[in-house]
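See below for the structure under consideration.
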Amino acid sequence: VKKGCGGGGRASPGVGGSAGGLRGQEIHSILEKIWARVGRMKVFAPFVLTGLALVSAWAEFPADAVILETSEAGETLLLAGKEADLDVPREPASTFKTVIAWAALDRGLIKDVESPLPGAEGDNLRMALQKSLNPPFDLLAVELGGEVLGDCAKRSGLIQGAIPDRWMVGKEKEARHGADLMTTIRREHQGAVAWMTGKPPWDGDAGRKLQEALLWKAAEKPIRAKTGTYGGSVWVTGYGPGKAVTVWLPGGIPRRPEALKIFFGRWDIPVPLS
């Protein structure tokens with residue numbers, strides 16, 4: 001496996017929007033500007049809009065939920081939770097599998113998203129991500145190594161703080177959820193917004209294939225998302241028609257269906273069965 005994290009070259013047309021002919025470093029620079037904009041953007045609860053929205057929103061969502069939603073026009077709503085919640089360090093859980101998947105696609109360890117993935121019991125990359133299977137991403141993480149994954153994680157903008165050189169040593173099977181690396185709700189959401197606006201950190205063919213892999217084909221609308229459940233965090237983050245949404249709940253696997261229902265409910269559709 002070659003060292004360093006790739007991603008140069010032209011972004012493929014279609015999925016991914018307006019990345020066009022920008023190279024990796026240029027897209028990373030643009031992404032930093034998006035993050036800065038979203039980070040500075042006034043995040044407000046629905047009650048700012050109308051008094052009635054306060055009642056409906058607070059009745060709709062769990063009291064311990066944090067939910068961010070950004071429209072294509074750039075308006076960000078904090079639908080549940082407090083703004084102070086957005087920058088608390090948290091485990092990325094299986095949202096980190098997107099970093100592993102991108103690195104594997106970029107290095108040619110995965111050729112396409114439809115072929116069976118080693119360790120996935122016949123499932124392809126799309127279903128392995130959707131089901132959040134652990135074995136295939138354990139295998140990929142070991143083959144890629146900590147240097148490559150660390151560089152890709154840094155470029156992704158997902159991780160809070162510096163990434164230690166030996167972050168994966170002795171923790172190979174923990175790489176599926178980022179080992180000791182941390183993220184924040186704001187960072188997870190900024191990533192979803194970047195994908196929605198067509199300026200992701202991952203350009204080129206690998207980035208296009210990753211977006212294909214994140215598509216929940218059984219959903220009634222074209223939604224791309226990743227879940228994560230580990231370390232007391234339950235995540236669903238992604239984007240679809242008109243908006244990017246990030247849902248965070250405290251807890252474990254039993255709350256995954258609840259988080260998925262909230263997430264897909266933002267498009268008024270049921271959680272897909274598979």
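Going by the structure tokens order, chains are called A, B, ..., each with residues numbered from 1, while ligands are numbered from 1 in the order shown.
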Going by DSSP on the backbone, which bits of region 35-261 of chain A are strand (DSSP E or B)? Write them as a ChimeraX atom specification, please. /A:44,66-71,76-80,90,116,124,160,182-183,215,224-230,233-240,243-250
Region 180-185 of chain A: which residues within 8 Å, counting only C-alpha atoms, same-chain residues fewer than 2 positions away excluded, as an MDAnalysis selection string? chainID A and resid 85:92 158:161 163 167 178 187:189 246 248
Same residues, N, CA and C atoms, saved as a tab-separated table (two decimals), in the first residue's frame:
chain	number	residue	atom	x	y	z
A	85	ASP	N	-23.50	21.83	22.93
A	85	ASP	CA	-23.33	20.40	22.64
A	85	ASP	C	-22.52	20.15	21.38
A	86	LEU	N	-22.45	21.13	20.49
A	86	LEU	CA	-21.90	20.89	19.16
A	86	LEU	C	-20.40	20.67	19.13
A	87	ASP	N	-19.68	21.17	20.14
A	87	ASP	CA	-18.23	21.10	20.13
A	87	ASP	C	-17.65	20.22	21.23
A	88	VAL	N	-18.49	19.39	21.84
A	88	VAL	CA	-18.02	18.44	22.84
A	88	VAL	C	-17.35	17.27	22.13
A	89	PRO	N	-16.10	16.91	22.49
A	89	PRO	CA	-15.44	15.76	21.85
A	89	PRO	C	-16.22	14.47	22.09
A	90	ARG	N	-16.43	13.72	21.02
A	90	ARG	CA	-17.17	12.45	21.10
A	90	ARG	C	-16.53	11.42	20.18
A	91	GLU	N	-16.80	10.15	20.48
A	91	GLU	CA	-16.33	9.07	19.61
A	91	GLU	C	-17.00	9.19	18.23
A	92	PRO	N	-16.24	9.09	17.15
A	92	PRO	CA	-16.88	9.09	15.83
A	92	PRO	C	-17.65	7.81	15.55
A	158	LEU	N	-12.81	15.28	9.85
A	158	LEU	CA	-13.70	14.65	10.82
A	158	LEU	C	-13.15	14.68	12.23
A	159	ILE	N	-11.82	14.62	12.36
A	159	ILE	CA	-11.20	14.41	13.66
A	159	ILE	C	-10.81	15.73	14.33
A	160	GLN	N	-11.10	15.79	15.61
A	160	GLN	CA	-10.78	16.97	16.44
A	160	GLN	C	-9.36	16.81	16.97
A	161	GLY	N	-8.53	17.82	16.75
A	161	GLY	CA	-7.19	17.80	17.30
A	161	GLY	C	-6.20	17.03	16.43
A	163	ILE	N	-3.60	14.12	15.20
A	163	ILE	CA	-3.66	12.66	15.13
A	163	ILE	C	-2.27	12.11	15.42
A	167	TRP	N	-1.23	6.19	16.34
A	167	TRP	CA	-2.58	6.11	16.90
A	167	TRP	C	-3.22	4.74	16.76
A	178	GLY	N	-12.32	4.57	14.87
A	178	GLY	CA	-11.38	5.65	15.09
A	178	GLY	C	-10.49	5.51	16.29
A	187	ARG	N	-18.37	18.95	13.56
A	187	ARG	CA	-17.51	18.41	12.51
A	187	ARG	C	-18.24	17.38	11.66
A	188	GLU	N	-18.98	16.50	12.30
A	188	GLU	CA	-19.75	15.50	11.55
A	188	GLU	C	-20.71	16.21	10.58
A	189	HIS	N	-21.36	17.25	11.08
A	189	HIS	CA	-22.33	17.95	10.25
A	189	HIS	C	-21.67	18.74	9.14
A	246	THR	N	-27.76	15.94	10.66
A	246	THR	CA	-26.97	15.13	11.59
A	246	THR	C	-27.78	14.93	12.86
A	248	TRP	N	-27.66	13.10	16.66
A	248	TRP	CA	-26.85	12.46	17.70
A	248	TRP	C	-27.75	12.17	18.89
In Å and to one decimal, CA of Leu105 (chain A) is distant from CA of Val271 (chain A) by 27.5 Å
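Counting only C-alpha atoms and comparing A:Leu273, A:Val234, A:Met196, A:Leu125, the residue that lies closest to Glu69 (chain A) is A:Met196.
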Residue neighbourhood Leu260 (chain A), 12 Å, only C-alpha atoms, exclusion window fewer than 6 positions, as a PyMOL selection string: chain A and resi 67+130+216+219+223+225-229+234-238+245-249+253-254+266-267+269-273
